[in-house]
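Participant: If it helps, the file is called entry-v3.cif and holds mmCIF, C-alpha atoms:
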```cif
data_start
loop_
_atom_site.label_atom_id
_atom_site.label_comp_id
_atom_site.auth_asym_id
_atom_site.auth_seq_id
_atom_site.Cartn_x
_atom_site.Cartn_y
_atom_site.Cartn_z
CA MET I 59 2.63 -19.39 66.79
CA LEU I 60 5.82 -17.69 65.71
CA GLY I 61 8.62 -17.36 68.22
CA TYR I 62 8.25 -13.65 68.92
CA ARG I 63 6.39 -11.69 71.57
CA SER I 64 2.79 -11.92 70.40
CA VAL I 65 -0.11 -9.69 71.32
CA LYS I 66 -3.47 -11.34 70.76
CA LYS I 67 -6.06 -9.27 69.00
CA GLN I 68 -8.21 -8.94 72.10
CA ASP I 69 -5.25 -7.68 74.16
CA ARG I 70 -4.25 -4.76 71.95
CA ALA I 71 -3.52 -1.41 73.57
CA ARG I 72 -5.77 1.53 72.89
CA PRO I 73 -4.63 3.46 69.77
CA PHE I 74 -2.81 6.74 70.13
CA VAL I 75 -3.58 9.88 68.16
CA ALA I 76 -1.45 10.06 65.03
CA ALA I 77 -0.87 12.67 62.39
CA VAL I 78 -2.75 13.79 59.31
CA ALA I 79 0.25 13.90 56.98
CA ALA I 80 -0.50 10.79 54.98
CA VAL I 81 -4.12 11.75 54.57
CA ALA I 82 -2.97 14.93 52.85
CA LEU I 83 -0.78 12.92 50.50
CA VAL I 84 -3.19 10.03 50.04
CA ALA I 85 -5.80 12.64 49.38
CA ALA I 86 -3.00 13.56 47.08
CA ALA I 87 -5.56 13.64 44.69
CA CYS I 88 -4.22 17.06 45.16
CA GLY I 89 -4.71 19.00 42.02
CA ASP I 90 -6.41 21.90 43.68
CA ASP I 91 -8.08 24.16 41.15
CA ASP I 92 -6.91 27.15 43.13
CA ALA I 93 -3.16 26.76 43.21
CA THR I 94 -2.87 29.39 45.89
CA ASP I 95 -5.26 27.76 48.36
CA THR I 96 -4.27 28.48 51.90
CA THR I 97 -4.15 24.98 53.38
CA ALA I 98 -3.31 21.42 52.43
CA ALA I 99 -6.83 20.41 53.38
CA ALA I 100 -8.10 21.93 50.14
CA THR I 101 -6.45 19.24 48.02
CA THR I 102 -8.65 17.29 45.71
CA GLU I 103 -7.15 14.81 43.31
CA ALA I 104 -3.65 13.67 42.39
CA PRO I 105 -2.58 13.52 38.78
CA THR I 106 -3.29 10.11 37.30
CA GLU I 107 0.13 10.11 35.74
CA SER I 108 2.94 10.86 38.15
CA THR I 109 6.12 12.51 36.98
CA GLU I 110 9.05 10.36 38.03
CA PRO I 111 12.30 11.77 36.71
CA ALA I 112 15.32 10.06 38.12
CA VAL I 113 17.40 11.91 40.62
CA GLY I 114 20.35 12.40 38.32
CA ASP I 115 23.94 13.22 38.83
CA THR I 116 24.75 16.74 39.87
CA VAL I 117 27.36 19.04 38.39
CA ALA I 118 28.78 21.85 40.46
CA THR I 119 29.50 25.08 38.61
CA ASN I 120 30.74 28.54 39.52
CA PRO I 121 29.42 31.98 38.63
CA PRO I 122 30.69 33.15 35.23
CA GLU I 123 33.82 35.27 35.22
CA THR I 124 33.54 38.92 34.14
CA THR I 125 36.64 38.87 31.96
CA ASP I 126 35.93 42.05 29.97
CA GLU I 127 35.18 43.97 33.10
CA ALA I 128 38.39 42.72 34.73
CA ASP I 129 40.47 43.83 31.74
CA THR I 130 38.92 47.29 31.81
CA THR I 131 39.41 47.80 35.51
CA ALA I 132 43.05 46.75 35.25
CA SER I 133 43.87 49.79 33.08
CA THR I 134 45.13 51.85 36.02
CA ASP I 135 46.72 50.86 39.31
CA ASP I 136 44.13 52.71 41.38
CA THR I 137 41.21 51.21 39.49
CA ALA I 138 42.79 47.77 39.61
CA ASP I 139 43.19 47.99 43.36
CA THR I 140 39.58 49.07 43.81
CA SER I 141 38.25 46.34 41.56
CA ALA I 142 40.31 43.71 43.34
CA ASP I 143 38.81 44.73 46.67
CA ASP I 144 35.30 44.76 45.24
CA GLY I 145 35.89 41.48 43.46
CA GLY I 146 36.92 39.83 46.71
CA ASP I 147 33.74 40.96 48.45
CA ALA I 148 31.61 39.85 45.51
CA GLY I 149 33.35 36.48 45.43
CA ASP I 150 32.57 35.90 49.10
CA ALA I 151 28.92 36.84 48.62
CA ALA I 152 28.34 34.91 45.40
CA SER I 153 27.20 31.31 45.77
CA ALA I 154 28.35 28.40 43.69
CA THR I 155 25.58 26.79 41.72
CA ILE I 156 24.71 23.18 41.06
CA VAL I 157 22.77 21.44 38.30
CA ILE I 158 20.21 19.05 39.78
CA THR I 159 17.32 16.95 38.55
CA ASP I 160 14.09 16.95 40.53
CA VAL I 161 10.40 16.40 39.73
CA VAL I 162 10.32 19.26 37.23
CA GLY I 163 13.49 18.26 35.38
CA GLU I 164 17.03 19.58 35.21
CA GLN I 165 17.76 23.01 36.62
CA GLU I 166 20.61 25.09 38.00
CA VAL I 167 20.18 26.32 41.56
CA PRO I 168 22.41 28.07 44.11
CA VAL I 169 24.21 26.07 46.77
CA THR I 170 23.22 27.69 50.06
CA ASP I 171 22.09 26.84 53.56
CA GLN I 172 20.77 30.33 54.21
CA GLY I 173 17.39 31.98 53.66
CA ILE I 174 15.53 28.70 53.11
CA TYR I 175 11.74 28.39 53.06
CA ALA I 176 10.66 24.76 53.66
CA LEU I 177 7.25 24.12 52.11
CA ASP I 178 6.37 21.30 54.51
CA GLU I 179 7.31 19.65 57.79
CA LEU I 180 8.99 16.67 56.13
CA MET I 181 11.47 18.92 54.35
CA GLY I 182 11.95 21.07 57.43
CA THR I 183 12.85 18.01 59.47
CA LEU I 184 15.19 16.67 56.79
CA LEU I 185 17.04 19.99 56.78
CA LEU I 186 17.38 19.92 60.57
CA THR I 187 18.93 16.44 60.45
CA LEU I 188 21.51 17.88 58.04
CA GLY I 189 22.28 20.69 60.48
CA VAL I 190 20.49 23.35 58.42
CA GLU I 191 17.92 25.61 60.03
CA PRO I 192 15.28 26.80 57.55
CA VAL I 193 14.16 30.34 58.26
CA THR I 194 10.53 29.33 57.76
CA THR I 195 8.75 25.97 57.66
CA ALA I 196 5.14 25.67 56.51
CA ALA I 197 2.83 23.26 58.34
CA PHE I 198 1.49 21.86 55.09
CA PHE I 199 0.65 18.39 56.43
CA GLN I 200 -0.54 19.62 59.85
CA ASP I 201 1.69 16.91 61.29
CA PRO I 202 1.64 16.59 65.12
CA LEU I 203 4.51 14.08 65.10
CA LEU I 204 7.04 16.46 63.60
CA ALA I 205 5.84 19.61 65.35
CA PRO I 206 7.78 18.83 68.56
CA VAL I 207 10.98 18.81 66.51
CA LEU I 208 10.16 21.91 64.52
CA LEU I 209 8.48 24.06 67.16
CA SER I 210 11.76 25.29 68.55
CA ASP I 211 14.20 28.12 68.19
CA ARG I 212 15.52 26.65 64.96
CA THR I 213 12.70 27.58 62.57
CA GLU I 214 9.49 29.56 62.41
CA LEU I 215 6.56 27.20 61.86
CA VAL I 216 3.72 28.88 59.93
CA GLU I 217 0.48 27.89 58.27
CA PHE I 218 0.85 26.96 54.63
CA GLY I 219 -0.49 29.83 52.54
CA ALA I 220 -0.61 31.36 49.11
CA VAL I 221 2.50 32.01 47.03
CA GLU I 222 2.22 35.68 47.99
CA SER I 223 2.71 34.78 51.65
CA ILE I 224 5.83 32.79 50.75
CA ALA I 225 7.16 35.70 48.69
CA ALA I 226 6.62 38.03 51.65
CA THR I 227 9.35 36.16 53.56
CA ASP I 228 11.85 36.98 50.75
CA PRO I 229 13.48 33.51 50.67
CA ASP I 230 16.74 32.75 48.88
CA LEU I 231 15.75 29.13 48.26
CA ILE I 232 12.50 27.14 48.46
CA LEU I 233 12.60 23.42 49.23
CA GLY I 234 9.76 20.91 49.58
CA VAL I 235 8.78 17.32 48.94
CA GLY I 236 7.53 16.53 45.45
CA HIS I 237 3.87 16.88 46.38
CA PRO I 238 1.36 17.42 43.53
CA ASN I 239 0.19 20.69 45.08
CA PHE I 240 3.72 22.09 44.98
CA ILE I 241 4.33 20.76 41.48
CA GLU I 242 1.20 22.56 40.26
CA ILE I 243 2.50 25.93 41.43
CA ILE I 244 6.18 25.39 40.66
CA ASP I 245 6.29 28.21 38.09
CA SER I 246 4.93 30.67 40.65
CA LEU I 247 7.31 29.39 43.32
CA GLN I 248 10.30 29.72 41.00
CA GLY I 249 9.20 33.27 40.34
CA VAL I 250 9.84 33.91 44.04
CA ALA I 251 13.11 31.99 44.48
CA PRO I 252 14.91 28.91 43.10
CA THR I 253 12.78 25.91 44.07
CA VAL I 254 13.77 22.24 44.45
CA LEU I 255 11.22 19.43 44.84
CA PRO I 256 12.74 15.93 45.10
CA ASP I 257 10.59 13.13 43.74
CA PHE I 258 8.64 11.90 46.78
CA ASN I 259 8.68 8.36 45.41
CA SER I 260 12.44 8.25 44.96
CA SER I 261 14.44 6.50 47.66
CA TRP I 262 15.00 8.22 50.99
CA GLN I 263 18.73 7.98 50.27
CA ASP I 264 18.37 9.84 46.97
CA GLN I 265 16.17 12.52 48.50
CA THR I 266 18.61 13.02 51.36
CA MET I 267 21.63 13.28 49.09
CA LEU I 268 19.93 15.60 46.60
CA ILE I 269 18.96 18.10 49.29
CA SER I 270 22.38 17.80 50.94
CA GLU I 271 24.05 18.83 47.68
CA VAL I 272 21.79 21.85 47.34
CA VAL I 273 22.57 23.04 50.89
CA GLY I 274 26.23 21.99 50.83
CA ARG I 275 25.98 19.28 53.50
CA GLU I 276 27.04 16.16 51.61
CA ALA I 277 29.32 14.89 54.39
CA GLU I 278 26.53 15.12 56.94
CA ALA I 279 24.13 13.31 54.62
CA GLU I 280 26.60 10.54 53.91
CA ALA I 281 27.07 10.01 57.64
CA LEU I 282 23.31 9.89 58.24
CA VAL I 283 22.70 7.47 55.38
CA ALA I 284 25.57 5.23 56.51
CA THR I 285 24.20 5.17 60.07
CA LEU I 286 20.73 4.12 58.94
CA GLU I 287 21.94 1.63 56.37
CA GLY I 288 24.15 0.05 59.03
CA ARG I 289 21.24 -0.26 61.42
CA ILE I 290 19.03 -1.75 58.70
CA ALA I 291 21.69 -4.35 57.88
CA ASP I 292 22.10 -5.31 61.56
CA LEU I 293 18.34 -5.62 62.08
CA ALA I 294 17.96 -7.66 58.86
CA ALA I 295 20.55 -10.10 60.16
CA GLU I 296 18.69 -10.39 63.47
CA ILE I 297 15.40 -11.00 61.64
CA GLU I 298 17.05 -13.72 59.58
CA GLN I 299 18.51 -15.34 62.70
CA ALA I 300 15.03 -15.35 64.27
CA GLY I 301 13.66 -17.20 61.25
CA LEU I 302 11.39 -14.31 60.27
CA THR I 303 12.85 -13.54 56.84
CA GLY I 304 10.07 -13.81 54.27
CA THR I 305 7.33 -13.13 56.83
CA GLU I 306 4.45 -11.17 55.31
CA VAL I 307 3.61 -7.86 56.93
CA SER I 308 0.83 -5.40 56.24
CA ILE I 309 0.68 -1.59 56.24
CA VAL I 310 -2.80 -0.12 56.08
CA GLN I 311 -4.48 3.18 56.77
CA ASN I 312 -8.18 3.78 57.35
CA PHE I 313 -9.66 7.14 56.45
CA GLY I 314 -13.42 7.17 56.82
CA PRO I 315 -14.81 4.51 54.49
CA ASP I 316 -11.57 4.31 52.53
CA TRP I 317 -8.58 2.05 53.07
CA PHE I 318 -5.10 2.61 51.69
CA SER I 319 -1.78 0.84 51.81
CA TYR I 320 1.78 2.07 51.40
CA GLY I 321 3.38 1.05 48.11
CA PRO I 322 6.98 -0.16 47.72
CA SER I 323 8.36 3.30 46.88
CA ILE I 324 7.24 4.74 50.23
CA ALA I 325 10.23 4.73 52.58
CA SER I 326 8.71 2.52 55.29
CA SER I 327 7.78 -0.11 52.69
CA ALA I 328 11.26 0.00 51.20
CA VAL I 329 12.78 -0.51 54.64
CA LEU I 330 10.54 -3.50 55.36
CA ALA I 331 11.73 -5.06 52.11
CA GLU I 332 15.37 -4.41 53.01
CA LEU I 333 14.76 -6.10 56.36
CA GLY I 334 13.57 -9.23 54.56
CA PHE I 335 9.81 -8.94 55.05
CA THR I 336 7.32 -9.45 52.22
CA ARG I 337 4.02 -7.81 51.25
CA SER I 338 0.85 -9.04 49.57
CA GLU I 339 0.28 -8.41 45.88
CA ALA I 340 -2.46 -5.89 46.65
CA GLN I 341 -0.03 -3.87 48.78
CA SER I 342 2.76 -3.97 46.21
CA SER I 343 1.46 -1.28 43.87
CA ASP I 344 2.57 2.31 43.50
CA ASP I 345 -0.82 3.45 42.23
CA ASN I 346 -2.29 6.68 43.58
CA PHE I 347 1.03 8.39 44.15
CA GLY I 348 2.39 5.41 46.08
CA PHE I 349 -0.74 4.81 48.15
CA PRO I 350 -2.85 2.07 46.50
CA GLN I 351 -6.46 2.03 47.60
CA LEU I 352 -7.78 -1.22 49.10
CA SER I 353 -11.41 -2.25 49.13
CA GLU I 354 -12.93 -2.88 52.54
CA GLU I 355 -13.91 -6.38 51.44
CA ILE I 356 -10.30 -7.54 51.20
CA ILE I 357 -9.08 -5.95 54.45
CA PRO I 358 -9.64 -9.10 56.58
CA ASP I 359 -7.39 -11.13 54.29
CA GLU I 360 -4.93 -8.26 53.79
CA THR I 361 -4.45 -7.89 57.56
CA SER I 362 -4.33 -11.53 58.62
CA SER I 363 -0.52 -11.44 58.40
CA PRO I 364 1.63 -11.87 61.52
CA PHE I 365 2.46 -8.15 61.72
CA VAL I 366 0.02 -5.36 60.87
CA PHE I 367 1.12 -1.73 61.05
CA GLY I 368 -1.82 0.67 60.93
CA VAL I 369 -1.00 4.30 60.28
CA ALA I 370 -3.51 6.15 62.45
CA THR I 371 -4.60 9.61 61.34
CA THR I 372 -6.11 12.65 62.95
CA SER I 373 -7.73 15.82 61.66
CA PRO I 374 -5.91 19.13 62.15
CA ASP I 375 -8.03 19.78 65.27
CA GLY I 376 -6.82 16.52 66.83
CA THR I 377 -9.95 14.46 66.21
CA VAL I 378 -9.14 10.82 65.49
CA ILE I 379 -10.14 9.95 61.94
CA GLY I 380 -9.00 6.35 61.69
CA THR I 381 -7.09 3.72 63.67
CA VAL I 382 -6.86 -0.01 63.10
CA THR I 383 -6.24 -1.72 66.44
CA ASP I 384 -9.87 -1.65 67.51
CA ASN I 385 -11.35 -2.32 64.08
CA PRO I 386 -13.00 -5.76 64.18
CA ILE I 387 -12.23 -6.55 60.54
CA VAL I 388 -8.48 -6.03 60.97
CA GLY I 389 -6.10 -8.87 61.77
CA GLY I 390 -6.25 -12.60 62.34
CA PRO I 391 -6.42 -14.26 65.77
CA ASP I 392 -2.62 -14.33 66.11
CA SER I 393 -1.82 -11.06 64.35
CA VAL I 394 0.22 -8.42 66.11
CA VAL I 395 -1.69 -5.27 65.17
CA THR I 396 -0.12 -1.94 66.07
CA ASP I 397 -1.08 1.67 65.43
CA VAL I 398 1.98 3.59 64.29
CA SER I 399 2.66 7.26 63.69
CA GLU I 400 3.01 9.25 60.52
CA ALA I 401 6.74 8.60 60.67
CA TRP I 402 5.86 5.67 58.42
CA PHE I 403 4.84 8.23 55.82
CA ASN I 404 7.93 10.44 56.24
CA ASN I 405 10.48 9.76 53.49
CA SER I 406 13.38 11.18 55.50
CA VAL I 407 16.16 9.88 57.69
CA LEU I 408 14.20 10.73 60.86
CA GLY I 409 11.16 8.89 59.55
CA ILE I 410 13.27 5.82 58.78
CA TRP I 411 14.88 5.97 62.22
CA ILE I 412 11.46 5.94 63.92
CA VAL I 413 10.23 3.11 61.67
CA LEU I 414 13.23 1.02 62.77
CA ASP I 415 12.50 1.84 66.41
CA ASP I 416 8.89 0.72 65.92
CA ILE I 417 9.88 -2.54 64.22
CA GLU I 418 12.28 -3.40 67.03
CA ALA I 419 9.53 -2.69 69.56
CA VAL I 420 6.88 -4.76 67.78
CA VAL I 421 8.97 -7.68 66.53
CA PHE I 422 11.53 -8.03 69.32
CA GLY I 423 9.93 -6.22 72.25
CA ARG I 424 12.71 -3.66 72.60
CA GLY I 425 11.48 -0.23 73.59
CA GLU I 426 8.09 1.17 72.65
CA VAL I 427 6.34 2.32 69.51
CA THR I 428 6.99 6.05 69.02
CA GLN I 429 4.11 8.26 70.06
CA ASN I 430 3.56 11.73 68.63
CA ASP I 431 5.44 13.32 71.51
CA GLY I 432 8.45 11.09 70.92
CA ALA I 433 9.76 12.71 67.75
CA GLY I 434 12.11 15.04 69.63
CA ALA I 435 13.76 12.17 71.50
CA ALA I 436 14.06 10.16 68.29
CA PHE I 437 15.67 13.15 66.57
CA ALA I 438 18.24 13.45 69.38
CA ASP I 439 18.95 9.69 69.25
CA LEU I 440 19.51 9.80 65.50
CA ILE I 441 21.96 12.69 65.72
CA ALA I 442 23.82 11.06 68.63
CA ALA I 443 24.05 7.72 66.80
CA THR I 444 25.38 9.43 63.67
CA GLU I 445 28.01 11.31 65.66
CA ALA I 446 29.03 8.10 67.45
CA ASN I 447 29.20 6.26 64.14
CA GLY I 448 31.60 8.86 62.77
CA SER I 449 33.91 8.90 65.79
#
```
How would this structure read if it were set down as structure tokens?

Facilitator:
Amino acid sequence: MLGYRSVKKQDRARPFVAAVAAVALVAAACGDDDATDTTAAATTEAPTESTEPAVGDTVATNPPETTDEADTTASTDDTADTSADDGGDAGDAASATIVITDVVGEQEVPVTDQGIYALDELMGTLLLTLGVEPVTTAAFFQDPLLAPVLLSDRTELVEFGAVESIAATDPDLILGVGHPNFIEIIDSLQGVAPTVLPDFNSSWQDQTMLISEVVGREAEAEALVATLEGRIADLAAEIEQAGLTGTEVSIVQNFGPDWFSYGPSIASSAVLAELGFTRSEAQSSDDNFGFPQLSEEIIPDETSSPFVFGVATTSPDGTVIGTVTDNPIVGGPDSVVTDVSEAWFNNSVLGIWIVLDDIEAVVFGRGEVTQNDGAGAAFADLIAATEANGS
């Protein structure tokens, strides 16, 4: 038996109700024939070939100068005075622009933190951690973990709908994760407002920094990233000191008859690797948009590792679809099997913060695994830690 607090399989706590977010992405078989379907539940099948452009360097630019117009207006003193006043107002109103690279390639977009429509809860939460309040956030993933953070005075949470419903809000900027459903309708979205979709399978650091540059919050993003990277380094050192470096861990999700794992590009998997843990070969694939499917026959072997994290899911009406703690084929006799929330799916700084909380709780017995109603407290802790780190 390893020298950590162990929970025998027969002593596991009852699973808690978790979110449906990963099901929507795993079902990311999402190429819905009707690109304007009203809910994420209508997704069908993900593209077999994912688009993975690198998140490239960004180049800030300014609006072009109107030289000819300036020369003309300078012809008389009165006209020059008027144009100077108007030019000042226009300069204040005009936004700088930035050239970014996201899932659809290189594009020039305005730098603004105003009038933002967030296509999903993950993006809405990321914006809030940067201190930006999106005007509207769509509940694309029907995620009960993030709702406590978002259902507040800071944003209007709405059902995800057709492009026409997004256009009706008259946004200045549309932001979302690089989900196949959004990629399919990117041309329509860009017809409404400039749209940025970071590659979902890029690192959480890259996604954070890309969005921060678009909304002009680079300093805040750098502080958040530094806070999390510092915590990861400290926890990795503690894991090494405990002799757990190299320990194999498992992440699985059960959805009806289907089993999935989280590939190395998913943020929680990347964090486990940074902490010094290892994964099986079957769980080290980025197939199926980062969620490799596992056959039921191999689940007993795949979950016999010392630590098993099962991402429980629920339907939008709250009905439990799949948990792992009570499944008789999951885990060996000495496995620590824990149901965790959809934070393990969330490629954002808040998701990473909750994953680290959960790992401390499971591996070292500090605190408790975050339940769905704990996202608000975790959000407050992350912001407080970042502020303390910068002081």

Participant: Atom CA of Ile158 of chain I and atom CA of Gly348 of chain I, how far apart in Å?

Facilitator: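 Between these atoms lies a distance of 23.3 Å.
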
Participant: Would you write out, as a ChimeraX atom specification, every residue that the PyMOL selection byres ((chain I and resi 301-314) around 9) captures in this file?

Facilitator: /I:60-61,80-81,294,296-300,315-321,327,330,333-338,341,352,357,360-371,379-382

Participant: Could you tell me how far atom CA of Phe218 of chain I sits from atom CA of Ala196 of chain I, in Å to one decimal place?

Facilitator: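 We find that atom CA of Ala196 of chain I and atom CA of Phe218 of chain I lie 4.9 Å from each other.
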
Participant: Counting all atoms listed in the file, which residue out of I:Val395, I:Val407, I:Val273, I:Ile174 sits closest to Val329 of chain I?

Facilitator: I:Val407

Participant: Got a sec to check which residues sit within 7 Å of (24.0, 24.9, 48.2), counting all atoms listed in the file, and write them as a list in words?

Facilitator: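 Every polymer residue passing the test: Thr155, Pro168, Val169, Thr170, Asp171, Glu271, Val272, Val273 and Gly274 of chain I.
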
Participant: Fewer than 3 positions away in the same chain doesn't count, so skip those; otherwise give me all residues within 8 Å of Ile241 of chain I, counting only C-alpha atoms, as a list of chain:residue names.

Facilitator: I:Val161, I:Val162, I:Gly236, I:His237, I:Pro238, I:Ile244, I:Leu255

Participant: Name the residues in contact with Thr253 of chain I at a cut-off of 10 Å, using all atoms listed in the file, excluding same-chain residues fewer than 4 positions from it; report them as a list in words.

Facilitator: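 Using all atoms listed in the file, the neighbours found are Asp160, Val162, Gln165, Glu166, Val167, Pro168, Ile174, Tyr175, Ala176, Leu177, Asp230, Leu231, Ile232, Leu233, Gly234, Phe240, Ile244, Asp245, Ser246, Leu247, Gln248 and Gly249 of chain I.
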
Participant: Hey, what's within 9 Å of Ile269 of chain I if we count all atoms listed in the file and toss same-chain stuff fewer than 5 positions away? As an MDAnalysis selection string, please?

Facilitator: chainID I and resid 184:185 233 254 256 264 274:276 279

Participant: Which residues would end up in the selection if the PyMOL selection byres ((chain I and resi 204-215) around 9) were applied here, given that I need the answer as a PyMOL selection string?

Facilitator: chain I and resi 77+179-180+182-183+186+190-197+200-203+216-217+400-401+430-435+437

Participant: Given the file shown, enumerate the residues that the PyMOL selection byres ((chain I and resi 416) around 8) captures and present them as a list in words.

Facilitator: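 With the shown file as input, the PyMOL selection byres ((chain I and resi 416) around 8) matches Val398, Ile412, Val413, Leu414, Asp415, Ile417, Glu418, Ala419, Val420, Glu426, Val427 and Thr428 of chain I.
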
Participant: How far is it from atom CA of Phe422 of chain I to atom CA of Asp392 of chain I, in Å with one decimal?

Facilitator: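 Atom-to-atom, atom CA of Phe422 of chain I to atom CA of Asp392 of chain I, that is 15.8 Å.
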
Participant: Give, as JSON, the centre coordinates and the x, y and z edge lengths in Å to one decimal for an axis-aligned box around all listed atoms of segment 415-425 of chain I, padded by 8 Å on each side.

Facilitator:
```
{"center_x": 9.8, "center_y": -3.1, "center_z": 68.9, "size_x": 21.8, "size_y": 25.9, "size_z": 25.4}
```

Participant: Closest to Pro358 of chain I among I:Gln429, I:Ser270, I:Asn385, I:Asn447, using only C-alpha atoms?

Facilitator: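 Among the listed residues, the smallest separation from Pro358 of chain I belongs to I:Asn385.
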
Participant: Considering all atoms listed in the file, can you say which of I:Ala225, I:Met267, I:Asn239, I:Ser260 comes closest to Ser323 of chain I?

Facilitator: I:Ser260
